[in-house]
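**Student:** Provided herewith: target_17.cif, mmCIF, C-alpha atoms.
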data_target
loop_
_atom_site.label_atom_id
_atom_site.label_comp_id
_atom_site.auth_asym_id
_atom_site.auth_seq_id
_atom_site.Cartn_x
_atom_site.Cartn_y
_atom_site.Cartn_z
CA MET A 1 55.20 -0.44 -83.08
CA ALA A 2 57.93 -3.07 -83.63
CA ASN A 3 58.18 -2.06 -87.27
CA LYS A 4 58.72 1.56 -86.36
CA GLN A 5 61.45 0.59 -83.94
CA ASN A 6 63.11 -1.45 -86.68
CA ASN A 7 62.96 1.43 -89.10
CA PHE A 8 64.49 3.70 -86.54
CA ASN A 9 67.37 1.28 -85.93
CA LYS A 10 68.04 0.93 -89.63
CA ARG A 11 68.12 4.69 -90.01
CA SER A 12 70.49 5.23 -87.14
CA VAL A 13 72.83 2.63 -88.60
CA VAL A 14 72.67 4.27 -92.02
CA ARG A 15 73.43 7.59 -90.37
CA PHE A 16 76.85 6.29 -89.27
CA VAL A 17 77.89 4.97 -92.68
CA PRO A 18 79.47 8.27 -93.84
CA LEU A 19 81.33 8.54 -90.55
CA ALA A 20 82.62 4.99 -90.96
CA ILE A 21 83.79 5.71 -94.51
CA PHE A 22 85.46 8.88 -93.31
CA LEU A 23 87.28 7.02 -90.54
CA ILE A 24 88.46 4.33 -92.98
CA ILE A 25 89.82 6.97 -95.35
CA ILE A 26 91.55 8.81 -92.51
CA THR A 27 93.17 5.56 -91.34
CA VAL A 28 94.39 4.74 -94.86
CA PHE A 29 95.82 8.23 -95.26
CA PHE A 30 97.40 8.16 -91.84
CA VAL A 31 99.18 4.87 -92.56
CA GLN A 32 100.12 5.58 -96.18
CA LEU A 33 101.17 9.22 -95.82
CA GLY A 34 103.41 8.33 -92.90
CA LYS A 35 105.56 6.27 -95.27
CA ASP A 36 108.55 7.88 -96.91
CA ALA A 37 107.63 7.75 -100.59
CA SER A 38 111.22 8.45 -101.62
CA ILE A 39 112.20 4.96 -100.45
CA VAL A 40 111.45 2.63 -103.33
CA PRO A 41 111.28 -1.07 -102.47
CA SER A 42 113.92 -3.08 -104.28
CA ALA A 43 112.84 -5.29 -107.17
CA PHE A 44 115.69 -7.64 -106.25
CA ILE A 45 114.63 -8.77 -102.79
CA ASN A 46 114.75 -12.58 -102.71
CA LYS A 47 116.39 -12.62 -106.13
CA PRO A 48 119.95 -13.57 -106.96
CA MET A 49 122.51 -10.83 -107.38
CA PRO A 50 122.25 -9.89 -111.08
CA SER A 51 125.36 -9.95 -113.22
CA PHE A 52 127.22 -6.66 -113.31
CA THR A 53 130.44 -5.34 -114.76
CA GLY A 54 132.69 -2.47 -113.76
CA GLU A 55 136.30 -1.43 -113.59
CA LYS A 56 139.03 -2.40 -111.18
CA LEU A 57 139.88 0.48 -108.86
CA GLY A 58 143.64 1.06 -108.38
CA ASN A 59 145.16 -1.66 -106.26
CA TYR A 60 141.94 -2.58 -104.52
CA PRO A 61 140.78 -6.20 -105.04
CA LYS A 62 138.12 -6.09 -107.75
CA LEU A 63 134.56 -7.03 -106.85
CA GLU A 64 133.05 -9.67 -109.16
CA ASN A 65 129.74 -11.52 -109.28
CA ASP A 66 131.49 -14.67 -107.97
CA ASN A 67 132.29 -12.93 -104.70
CA PHE A 68 128.65 -13.16 -103.60
CA GLY A 69 127.20 -16.36 -102.18
CA ASN A 70 129.61 -19.32 -101.94
CA GLY A 71 128.20 -20.11 -98.52
CA LYS A 72 129.18 -16.72 -97.13
CA ILE A 73 126.97 -13.84 -96.07
CA THR A 74 128.16 -10.58 -97.61
CA VAL A 75 127.19 -6.92 -97.56
CA LEU A 76 127.35 -4.54 -100.49
CA ASN A 77 127.59 -0.82 -99.84
CA VAL A 78 126.95 1.53 -102.76
CA PHE A 79 128.77 4.82 -102.26
CA ALA A 80 130.39 7.76 -104.04
CA SER A 81 132.95 10.36 -103.07
CA TRP A 82 130.51 13.16 -103.93
CA CYS A 83 127.87 11.79 -101.56
CA LEU A 84 127.73 13.42 -98.15
CA PRO A 85 125.52 10.82 -96.43
CA CYS A 86 128.11 8.21 -97.50
CA LYS A 87 130.72 10.12 -95.57
CA ILE A 88 128.45 10.23 -92.54
CA GLU A 89 127.69 6.52 -92.57
CA HIS A 90 131.23 5.38 -93.36
CA PRO A 91 132.35 4.91 -89.72
CA LEU A 92 129.36 2.60 -89.21
CA ILE A 93 130.22 0.70 -92.41
CA SER A 94 133.77 0.28 -91.10
CA GLU A 95 132.31 -1.05 -87.87
CA LEU A 96 130.07 -3.46 -89.76
CA ALA A 97 133.07 -4.62 -91.83
CA LYS A 98 134.53 -6.16 -88.67
CA THR A 99 131.69 -8.69 -88.48
CA VAL A 100 130.95 -9.42 -92.15
CA PRO A 101 132.77 -8.91 -95.48
CA VAL A 102 131.59 -5.58 -96.89
CA PHE A 103 132.05 -4.84 -100.59
CA GLY A 104 131.99 -1.36 -102.05
CA LEU A 105 130.44 -0.18 -105.31
CA ALA A 106 131.65 3.30 -106.26
CA TRP A 107 128.61 4.50 -108.17
CA LYS A 108 128.89 7.28 -110.76
CA ASP A 109 132.19 8.39 -109.36
CA LYS A 110 135.51 9.18 -111.01
CA PRO A 111 138.07 6.52 -110.01
CA ALA A 112 140.61 9.13 -108.93
CA ASP A 113 138.04 10.77 -106.65
CA THR A 114 137.00 7.42 -105.19
CA MET A 115 140.61 6.53 -104.37
CA LYS A 116 141.23 9.90 -102.74
CA TRP A 117 138.08 9.49 -100.69
CA LEU A 118 139.01 5.97 -99.55
CA ASP A 119 142.49 7.18 -98.56
CA LYS A 120 140.96 9.93 -96.48
CA MET A 121 138.05 8.01 -94.94
CA GLY A 122 139.86 4.71 -94.42
CA ASN A 123 138.97 1.74 -96.58
CA ALA A 124 136.27 -0.45 -95.07
CA TYR A 125 135.76 -2.61 -98.13
CA ALA A 126 137.10 -6.11 -98.70
CA ARG A 127 136.57 -5.54 -102.43
CA VAL A 128 135.72 -2.51 -104.52
CA LEU A 129 134.25 -1.99 -107.96
CA SER A 130 134.48 1.28 -109.84
CA ASP A 131 131.20 2.01 -111.63
CA GLU A 132 131.70 5.37 -113.28
CA SER A 133 128.84 4.99 -115.78
CA GLY A 134 126.49 3.67 -113.11
CA ARG A 135 125.64 0.58 -115.17
CA ALA A 136 126.64 -1.94 -112.51
CA GLY A 137 124.41 -0.12 -110.04
CA ILE A 138 121.53 0.06 -112.50
CA ALA A 139 121.89 -3.70 -113.08
CA MET A 140 120.88 -4.25 -109.45
CA GLY A 141 118.33 -1.43 -109.27
CA VAL A 142 120.45 1.18 -107.50
CA TYR A 143 118.84 4.60 -107.78
CA GLY A 144 120.99 6.67 -105.47
CA VAL A 145 123.76 6.58 -102.92
CA PRO A 146 124.19 5.31 -100.34
CA GLU A 147 122.43 1.98 -100.56
CA THR A 148 123.30 -1.10 -98.56
CA TYR A 149 122.45 -4.69 -99.51
CA ILE A 150 122.71 -7.93 -97.59
CA VAL A 151 123.36 -11.01 -99.74
CA ASN A 152 122.82 -14.43 -98.17
CA LYS A 153 124.96 -17.57 -98.34
CA ALA A 154 123.29 -18.61 -101.60
CA GLY A 155 123.96 -15.27 -103.29
CA ILE A 156 120.36 -14.04 -102.93
CA ILE A 157 119.71 -10.40 -102.07
CA VAL A 158 117.66 -10.42 -98.89
CA TYR A 159 117.75 -6.82 -97.69
CA ARG A 160 118.28 -3.32 -98.96
CA HIS A 161 118.58 -0.09 -97.04
CA VAL A 162 118.21 3.18 -98.94
CA GLY A 163 120.05 6.17 -97.53
CA ALA A 164 122.68 6.51 -94.84
CA ILE A 165 122.84 3.84 -92.18
CA THR A 166 122.24 5.12 -88.69
CA ARG A 167 123.31 3.48 -85.46
CA ASP A 168 119.68 2.43 -85.00
CA VAL A 169 119.43 0.83 -88.45
CA LEU A 170 122.74 -0.95 -87.96
CA LYS A 171 121.74 -2.40 -84.63
CA ASN A 172 118.06 -3.14 -85.14
CA GLU A 173 117.95 -4.05 -88.81
CA ILE A 174 121.29 -5.05 -90.27
CA LEU A 175 122.88 -6.87 -87.34
CA GLU A 176 119.52 -8.50 -86.54
CA LYS A 177 119.20 -9.70 -90.12
CA LEU A 178 122.78 -10.98 -90.15
CA LYS A 179 122.17 -12.87 -86.93
CA LYS A 180 119.12 -14.57 -88.41
CA LEU A 181 120.94 -15.40 -91.64
CA ASN A 182 123.87 -16.85 -89.70
CA GLN A 183 121.52 -19.26 -87.97
CA SER A 184 119.85 -20.41 -91.19
CA GLU A 185 121.30 -22.76 -93.76
CA LYS A 186 120.91 -20.43 -96.73
CA MET B 1 100.57 62.60 -130.99
CA LYS B 2 99.86 61.74 -127.42
CA GLU B 3 97.38 59.14 -128.50
CA PHE B 4 99.82 57.67 -130.94
CA LYS B 5 102.44 57.31 -128.24
CA PHE B 6 99.89 55.54 -126.05
CA ILE B 7 99.14 53.04 -128.79
CA ARG B 8 102.78 52.43 -129.35
CA GLN B 9 103.31 51.84 -125.65
CA THR B 10 100.49 49.37 -125.38
CA SER B 11 101.65 47.52 -128.43
CA THR B 12 105.17 47.10 -127.02
CA MET B 13 103.64 46.01 -123.74
CA LEU B 14 101.48 43.54 -125.58
CA LYS B 15 104.48 42.25 -127.47
CA THR B 16 106.46 41.77 -124.27
CA MET B 17 103.55 39.97 -122.71
CA ILE B 18 103.19 37.71 -125.69
CA ILE B 19 106.90 36.94 -125.63
CA ILE B 20 106.76 36.15 -121.93
CA LEU B 21 103.72 33.96 -122.46
CA VAL B 22 105.39 32.07 -125.28
CA LEU B 23 108.49 31.55 -123.17
CA LEU B 24 106.44 30.32 -120.23
CA LEU B 25 104.45 27.92 -122.35
CA SER B 26 107.50 26.58 -124.12
CA SER B 27 109.27 26.00 -120.81
CA ASN B 28 106.44 23.64 -119.95
CA LEU B 29 107.39 21.51 -122.91
CA SER B 30 111.02 21.38 -121.91
CA PHE B 31 112.88 18.10 -121.91
CA SER B 32 116.32 17.17 -120.76
CA VAL B 33 117.53 15.02 -123.61
CA GLU B 34 120.99 16.30 -124.46
CA PRO B 35 121.99 16.70 -128.11
CA SER B 36 124.65 14.01 -127.75
CA GLU B 37 122.03 11.50 -126.64
CA ILE B 38 119.71 11.92 -129.60
CA LEU B 39 119.66 9.06 -132.10
CA SER B 40 120.22 9.89 -135.75
CA ASP B 41 117.25 7.74 -136.77
CA ALA B 42 114.21 9.94 -136.09
CA LYS B 43 111.84 6.98 -135.81
CA LEU B 44 113.96 5.22 -133.19
CA GLU B 45 114.48 8.51 -131.36
CA GLN B 46 110.71 9.01 -131.30
CA ARG B 47 110.27 5.56 -129.75
CA ALA B 48 112.97 6.29 -127.19
CA ARG B 49 111.16 9.50 -126.27
CA GLU B 50 107.90 7.60 -125.88
CA VAL B 51 109.45 5.05 -123.53
CA SER B 52 111.31 7.61 -121.46
CA ALA B 53 108.22 9.81 -121.12
CA LYS B 54 106.49 6.84 -119.45
CA THR B 55 109.39 6.10 -117.12
CA ARG B 56 109.54 7.59 -113.67
CA CYS B 57 112.78 9.18 -112.62
CA LEU B 58 113.49 7.55 -109.27
CA VAL B 59 115.56 10.49 -108.10
CA CYS B 60 112.92 13.18 -108.69
CA GLN B 61 109.92 11.00 -108.49
CA ASN B 62 107.16 12.92 -110.20
CA GLN B 63 109.22 13.63 -113.27
CA SER B 64 109.72 11.29 -116.14
CA ILE B 65 113.29 10.51 -117.10
CA ASP B 66 112.58 12.44 -120.28
CA GLU B 67 112.23 15.63 -118.23
CA SER B 68 114.74 14.98 -115.48
CA ASN B 69 118.25 16.34 -115.31
CA ALA B 70 119.32 13.70 -112.81
CA GLU B 71 122.41 11.68 -113.65
CA LEU B 72 120.49 8.42 -113.27
CA ALA B 73 117.80 9.65 -115.66
CA ARG B 74 120.46 10.48 -118.22
CA GLU B 75 122.05 7.06 -117.98
CA LEU B 76 118.65 5.36 -118.27
CA ARG B 77 117.85 7.44 -121.37
CA ILE B 78 121.08 6.24 -122.92
CA ILE B 79 120.34 2.62 -121.99
CA ILE B 80 116.86 2.91 -123.51
CA ARG B 81 118.36 4.22 -126.75
CA GLU B 82 120.96 1.45 -126.83
CA LYS B 83 118.30 -1.20 -126.41
CA ILE B 84 116.05 0.32 -129.07
CA THR B 85 118.97 0.54 -131.49
CA GLU B 86 119.70 -3.12 -130.74
CA GLY B 87 116.24 -3.83 -132.11
CA GLN B 88 114.29 -4.36 -128.90
CA THR B 89 110.61 -3.43 -128.85
CA ASN B 90 109.27 -0.69 -126.55
CA LYS B 91 107.62 -3.41 -124.48
CA GLN B 92 110.92 -5.23 -124.03
CA VAL B 93 112.68 -2.05 -122.95
CA ILE B 94 109.91 -1.24 -120.47
CA ASN B 95 110.07 -4.78 -119.09
CA PHE B 96 113.82 -4.36 -118.62
CA LEU B 97 113.21 -1.19 -116.59
CA ILE B 98 110.56 -2.95 -114.51
CA SER B 99 112.94 -5.84 -113.84
CA LYS B 100 115.44 -3.38 -112.38
CA TYR B 101 113.24 -0.91 -110.51
CA GLY B 102 109.88 -2.62 -110.11
CA GLU B 103 106.54 -1.43 -111.43
CA TYR B 104 107.04 1.81 -109.55
CA VAL B 105 109.24 2.95 -112.43
CA LEU B 106 106.13 3.32 -114.60
CA LEU B 107 104.38 6.65 -114.26
CA GLU B 108 101.15 4.97 -115.27
CA PRO B 109 100.42 1.81 -113.28
CA GLN B 110 99.88 -1.35 -115.31
CA PHE B 111 96.51 -3.04 -115.35
CA ASN B 112 96.94 -6.26 -113.36
CA GLN B 113 95.64 -8.10 -110.30
CA ARG B 114 97.29 -5.74 -107.87
CA THR B 115 96.07 -2.57 -109.54
CA ILE B 116 92.63 -3.73 -110.67
CA LEU B 117 90.92 -1.95 -107.78
CA LEU B 118 92.82 1.25 -108.55
CA TRP B 119 91.74 1.20 -112.18
CA LEU B 120 88.15 0.14 -111.59
CA ALA B 121 87.53 2.35 -108.55
CA PRO B 122 86.11 5.29 -110.56
CA ILE B 123 83.64 3.06 -112.44
CA LEU B 124 82.80 1.20 -109.25
CA LEU B 125 82.14 4.44 -107.37
CA ILE B 126 79.90 5.76 -110.16
CA VAL B 127 77.90 2.52 -110.15
CA VAL B 128 77.56 2.58 -106.36
CA GLY B 129 76.60 6.26 -106.49
CA LEU B 130 73.96 5.72 -109.17
CA PHE B 131 72.57 2.73 -107.28
CA ALA B 132 72.41 4.65 -104.00
CA GLY B 133 70.79 7.60 -105.78
CA ALA B 134 68.20 5.37 -107.44
CA VAL B 135 67.35 3.66 -104.15
CA PHE B 136 67.06 7.00 -102.39
CA LEU B 137 64.78 8.49 -105.04
CA ARG B 138 62.60 5.43 -105.29
CA ARG B 139 62.19 5.12 -101.55
CA GLY B 140 61.19 8.76 -101.31
CA ARG B 141 58.52 8.28 -103.97
CA ASP B 142 57.24 5.03 -102.44
CA ASN B 143 56.98 6.56 -99.01
CA SER B 144 55.01 9.55 -100.15
CA SER B 145 52.61 7.45 -102.23
CA LYS B 146 52.19 4.99 -99.37
CA ASN B 147 51.37 7.82 -96.97
CA LYS B 148 48.82 9.22 -99.36
CA ASP B 149 47.22 5.82 -99.80
CA ALA B 150 47.08 5.29 -96.07
CA LYS B 151 45.43 8.65 -95.51
CA ASN B 152 42.90 8.06 -98.27
CA ASP B 153 42.14 4.60 -96.98
CA PHE B 154 41.58 5.93 -93.51
CA ASN B 155 39.36 8.73 -94.70
CA ASP B 156 37.33 6.37 -96.84
CA GLY B 157 36.83 4.16 -93.88
CA GLN B 158 38.57 1.38 -95.80
CA VAL B 159 40.97 0.68 -92.97
CA ARG B 160 38.21 0.62 -90.40
CA LYS B 161 36.44 -2.02 -92.37
CA LYS B 162 39.48 -4.25 -92.33
CA LEU B 163 39.91 -4.09 -88.55
CA SER B 164 38.57 -6.63 -86.13
CA SER B 165 36.12 -5.50 -83.49
CA VAL B 166 38.81 -5.64 -80.79
CA GLU B 167 41.09 -3.45 -82.84
CA LYS B 168 38.29 -0.99 -83.50
CA LYS B 169 37.69 -0.66 -79.77
CA GLN B 170 41.40 -0.09 -79.16
CA ILE B 171 41.59 2.61 -81.81
CA ASP B 172 38.53 4.37 -80.46
CA LYS B 173 40.09 4.34 -77.00
CA ILE B 174 43.32 5.86 -78.30
CA LEU B 175 41.49 8.50 -80.34
CA LYS B 176 39.38 9.49 -77.32
CA ARG B 177 42.47 9.77 -75.15
CA MET B 178 44.15 11.94 -77.76
CA GLU B 179 41.10 14.20 -78.04
CA LYS B 180 41.17 14.76 -74.30
CA GLN B 181 44.76 15.83 -74.45
#
Give the structure from this file in structure tokens form.
**Tutor:**
Amino acid sequence: MANKQNNFNKRSVVRFVPLAIFLIIITVFFVQLGKDASIVPSAFINKPMPSFTGEKLGNYPKLENDNFGNGKITVLNVFASWCLPCKIEHPLISELAKTVPVFGLAWKDKPADTMKWLDKMGNAYARVLSDESGRAGIAMGVYGVPETYIVNKAGIIVYRHVGAITRDVLKNEILEKLKKLNQSEK
Amino acid sequence: MKEFKFIRQTSTMLKTMIIILVLLLSSNLSFSVEPSEILSDAKLEQRAREVSAKTRCLVCQNQSIDESNAELARELRIIIREKITEGQTNKQVINFLISKYGEYVLLEPQFNQRTILLWLAPILLIVVGLFAGAVFLRRGRDNSSKNKDAKNDFNDGQVRKKLSSVEKKQIDKILKRMEKQ
């Protein structure tokens, strides 16, 4: 009698195995498919800003490798005049530039177009680098515009945002991150 | 005459279809390497094509940079060719790309600790499946043979012989009750 009961229990457990597997798969799909696959994680998080070269843009102070780190937190915004989301986020970048030095990397953009765009939109950048070939961007793993990086006091890249910055991202991610970095030594 | 015309019509139709088919098939093999990008050394160019066919275009993610018309893909193709001309091996060039864009840049994931489950999953699932199938089949066979044995034993009176007197009485009681029902 006891044996039969045991058998029955075992069977009823086995019966739920497919259901359990199904639920696990559904959960994995639900979590993974919810992610935006177009956002590629940066290979440079927690790595120093790689060396890059580009051209000086008009009269704008030229951005160099040495401008990162040196005990100062900095932000790098990758943009282009042909990029509509860059136009949309620019007011927020200008706002951010009041609290932290923001550098601009004009990625795959003709210098003349970049200058026209900056004249029109208002320059938010403490320093600018013209990167017409895109090589400077590629050096740091840029794969589109806009992208926004936070570099800590030691010159290490600690954050990247792909795509236009929204008010929400600015408040809840970037300013939060800056606050934390300000408190820490690095 | 009428027949002849019919044949001629079908043959032109056939020709058009063949042409369309050829065009469709060849469009599948299209690549985006521009003439100005191509290296004069055919061997090096071949290597560059191999590397870029393995590299994911991060702008249009399910295309390789060999197929993509994106600006970034073009620049990466040029960089790959520069590095190969400099004398770097394919492996070195691929490692450069990984250092910039992470392993995601490879269309085919590498075999390492993080991807071991991904690579071994098919083999693992086959083994598990075979094991489960074997257990299932064997259990089925065992059960049926056991049942047969039990029946035979009972009919032979073998089981009865093995029981104690108390058990025999209990069984008789149960059998009688069942008969009444």
**Student:** Excluding Val162 (chain A) and any residue of its chain fewer than 6 positions from it, enumerate the residues within 8 Å of it, using all atoms listed in the file, and give them as an MDAnalysis selection string.
**Tutor:** chainID A and resid 39 144:148
**Student:** Taking all atoms listed in the file into account, report as a ChimeraX atom specification which residues of chain B lie within 8 Å of chain A.
**Tutor:** /B:58-59,61,72,75,99-102,104
**Student:** Within 6 Å of region 87-98 of chain A, counting only C-alpha atoms, which residues show up once you throw out same-chain ones fewer than 5 positions away? Write them as a list in words, please.
**Tutor:**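 Residues near the query, excluding close chain neighbours: Ala124, Ala164 and Ile165 of chain A.
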**Student:** Show which residues sit within 9 Å of Leu63 (chain A), as a ChimeraX atom specification. Count all atoms listed in the file, and ignore same-chain residues fewer than 4 positions away.
**Tutor:** /A:54-56,67,103-105,126-130
**Student:** Taking 4 positions as the minimum chain separation for residues in the same chain, which residues sit within 12 Å of Trp117 (chain A) when counting only C-alpha atoms? Answer as a PyMOL selection string.
**Tutor:** chain A and resi 79-84+86-87+90+106+109-113+121-124
**Student:** How far is it from CA of Ile20 (chain B) to CA of Ser64 (chain B), in Å with one decimal?
**Tutor:**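 Separation of CA of Ile20 (chain B) and CA of Ser64 (chain B): 25.7 Å.
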**Student:** Nearest to Gln110 (chain B) among B:Ile19, B:Ile94, B:Leu137, B:Pro35, with distances taken over all atoms listed in the file: which residue is it?
**Tutor:**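 Answer, going by the shortest atom-to-atom distance: B:Ile94.
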